[in-house]
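Chemist: Let me begin by handing over the structure; questions about it come next.
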Amino acid sequence: DALRGSVVEASDAASLSRECYRRLAEACVASTADRAACANSFVAQRLILVPKPGGAVLVALRADEAYWDVSAHLRHTALDHYALSHHFDASLRTFFVDVLGVNPELLEEPAVSSNGHTIPGTGEPSTIQDGLRSADLAAPPSTGAAGAAPTEALARAALARVAE
């Protein structure tokens, strides 16, 4: 509720997402049900936020589109910037790779999309969002937690823990 109606800057959203991922990782250690729900949510929806170069815009990825690191021959390429290892603490590697199923290492360049851009991650090129503007991160109006889907309930619980 603390974020409802506010606009969150991309850098603040990235910090908030890091804290949410840390809290989710803790919940997944404690509960097999939370682990399964979390993994399913991150595969079905773009819940991994990574800043584009410059940091003003975030890219939202599904677990199957993200990767923890890149192979040596891809270092110093644009793909290297999107490696989660550059944006998240090493303690979250287990959460991303073992729980969510993120690719531990991108070994080759992914396909080029129809618009000529190389896509971060290994998902279908047409499914990657261009990114989120900070205005896109304004909290939606309340729909009431009682009717919330399990994924939304999990996200609300993580945000509530962060707000404490």
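By order in the structure tokens, chains are A, B, ...; within a chain, residues start at 1; ligands start at 1, following the order shown.
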What lies within 6 Å of A:Ala83 using only C-alpha atoms, ignoring chain neighbours under 4 positions off, as a list in words?
Modeler: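 Everything that qualifies: Tyr67, Trp68 and Asp69 of chain A.
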Chemist: Apply DSSP to the backbone of this structure and, from stretch 14-93 of chain A, keep only the residues in strand (DSSP E); write these as a ChimeraX atom specification.
Modeler: /A:48-51,58-61,67-70
Chemist: Give me, please, the distance in Å between atom CA of A:His76 and atom CA of A:Val102, quoted to one decimal.
Modeler: 20.9 Å
Chemist: For A:Arg93, which of A:Ala36, A:Ala25, A:Ile48, A:Cys20 is the closest residue, counting only C-alpha atoms?
Modeler: A:Ala25
Chemist: Find the residues near A:Asp89: any atom within 12 Å, counting only C-alpha atoms, skip ones fewer than 5 places away on the same chain, and give them as a PyMOL selection string.
Modeler: chain A and resi 15+18-19+21-22+68+83-84+94-96
Chemist: Save out the residues we just selected, N, CA and C atoms, as a compact mmCIF listing (two decimals), in the first residue's frame.
Modeler:
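To be explicit, this is the file written out as out_26.txt:
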```txt
# COMPACT_ATOMS: atom_id res chain seq x y z
N SER A 15 16.30 -1.41 -7.11
CA SER A 15 16.65 -1.69 -5.71
C SER A 15 15.54 -2.46 -5.02
N ARG A 18 15.57 -6.06 -6.20
CA ARG A 18 16.64 -6.83 -5.55
C ARG A 18 16.21 -7.30 -4.17
N GLU A 19 15.58 -6.41 -3.42
CA GLU A 19 15.13 -6.77 -2.08
C GLU A 19 14.01 -7.80 -2.15
N TYR A 21 13.59 -10.06 -4.52
CA TYR A 21 14.20 -11.33 -4.89
C TYR A 21 14.88 -11.98 -3.69
N ARG A 22 15.53 -11.15 -2.87
CA ARG A 22 16.19 -11.68 -1.67
C ARG A 22 15.15 -12.29 -0.73
N TRP A 68 22.30 -15.91 -16.06
CA TRP A 68 23.11 -15.40 -14.95
C TRP A 68 24.40 -14.78 -15.45
N ALA A 83 23.46 -9.79 -18.25
CA ALA A 83 23.72 -10.92 -17.36
C ALA A 83 23.31 -10.51 -15.94
N LEU A 84 22.51 -11.35 -15.32
CA LEU A 84 22.02 -11.03 -13.98
C LEU A 84 23.14 -10.86 -12.97
N THR A 94 21.80 -18.89 -6.67
CA THR A 94 21.05 -20.12 -6.42
C THR A 94 19.56 -19.89 -6.65
N PHE A 95 19.05 -18.77 -6.19
CA PHE A 95 17.63 -18.46 -6.39
C PHE A 95 17.30 -18.39 -7.89
N PHE A 96 18.07 -17.62 -8.63
CA PHE A 96 17.78 -17.45 -10.05
C PHE A 96 18.00 -18.73 -10.85
```
Chemist: Apply DSSP to the backbone of this structure and, from stretch 53-116 of chain A, keep only the residues in helix (DSSP H, G or I); write these as a list in words.
Modeler: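 Secondary structure check on stretch 53-116 of chain A, helix (DSSP H, G or I): Ala63, Asp64, Glu65, Ala72, His73, Leu74, Ala78, Leu79, Asp80, His81, Leu84, Ser85, His86, Ala90, Ser91, Leu92, Arg93, Thr94, Phe95, Phe96, Val97, Asp98 and Val99 of chain A.
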Chemist: List the neighbours of A:His81 out to 9 Å using only C-alpha atoms; skip same-chain residues closer than 6 positions along the sequence, and give me the result as a CSV table (one decimal) with C-alpha atoms, in the first residue's frame.
Modeler:
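Saved the output as selection34.csv:
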```
chain,number,residue,atom,x,y,z
A,51,PRO,CA,18.2,-2.0,-16.2
A,52,LYS,CA,19.1,-1.2,-19.8
A,53,PRO,CA,22.5,0.6,-20.2
A,75,ARG,CA,32.1,-10.7,-22.6
A,87,HIS,CA,22.9,-6.6,-11.3
```
Chemist: So how many Å separate atom CA of A:Leu24 and atom CA of A:Ala56, to one decimal?
Modeler: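 Atom CA of A:Ala56 lies 25.0 Å from atom CA of A:Leu24.
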Chemist: I'd like the neighbourhood of A:Asn40 as a ChimeraX atom specification, where a residue qualifies if any of its atoms comes within 10 Å (using only C-alpha atoms), though same-chain residues fewer than 2 positions away should be ignored.
Modeler: /A:34-38,42-45,63,99-101,151
Chemist: What's the separation between atom CA of A:Glu109 and atom CA of A:Glu65, in Å to one decimal place?
Modeler: 12.5 Å
Chemist: Smallest atom-to-atom distance to A:Val70: which of A:Leu49, A:Ala39, A:Leu92, A:Leu106, using only C-alpha atoms?
Modeler: A:Leu106
